[in-house]
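Engineer: Before anything else, here's the structure in question.
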Amino acid sequence: MSEQARELYLPEHLVRTLPSAVRNTLCRLPAERQQEFVDYYRRRRKSLGTAYLLWLLLGWHYAYLGRWGWQILFWLTAGGFLV
């Protein structure tokens, strides 16, 4: 390991899901900045169960996931049935 490389102060389950380029960049950050990344990641994470519930009840699943283009297309095609 080089002199500039540092440890990752992230939860193991999160480290396994990150691409190697992101892990390498995070290794170069101090522990405080790594913690900021984890906090931001947890705030932005979406629940799959909530997305399914919104799809089942209202058809708002793409909007919940932040995919407004797909949501509008979903509405215009009557739920994907190309009507």
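To be explicit about the labels: the chains of the structure tokens are called A, B, and onward in the order shown, and within each one the residues are counted from 1, while ligands get numbers from 1 in the order they are shown.
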How close does each residue of region 42-82 of chain A get to region 21-38 of chain A, giving the shortest atom pair and distance in Å to one decimal for every residue with an atom at most 12 Å away, counting only C-alpha atoms, sorted by chain and residue number, as a Markdown table?
Structural biologist:
```
| residue | atom | partner | partner_atom | distance |
| --- | --- | --- | --- | --- |
| A:Arg42 | CA | A:Val38 | CA | 6.2 |
| A:Arg43 | CA | A:Val38 | CA | 8.7 |
| A:Arg44 | CA | A:Val38 | CA | 10.0 |
| A:Arg45 | CA | A:Val38 | CA | 10.5 |
```
Engineer: Which polymer residues have any atom within 10 Å of an atom of Gly66 (chain A), counting only C-alpha atoms, with same-chain residues fewer than 5 positions away left out, as a ChimeraX atom specification?
Structural biologist: /A:46,61,71
Engineer: Where does DSSP see helix (DSSP H, G or I) in chain A, if you list the residues as number ranges by chain?
Structural biologist: A: 12-17, 20-27, 31-44, 48-57, 61-64, 68-76
Engineer: Which distance in Å separates CA of Leu18 (chain A) and CA of Ala51 (chain A), to one decimal?
Structural biologist: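 Separation of CA of Leu18 (chain A) and CA of Ala51 (chain A): 22.2 Å.
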Engineer: By how many Å are CA of Thr17 (chain A) and CA of Ala63 (chain A) apart?
Structural biologist: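 Interatomic distance here is 24.1 Å.
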Engineer: Point out the residue among A:Leu8, A:Val15, A:Arg67, A:Gly59 with the least atom-to-atom distance to Gly80 (chain A), counting only C-alpha atoms.
Structural biologist: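 Closest residue, counting only C-alpha atoms: A:Gly59.
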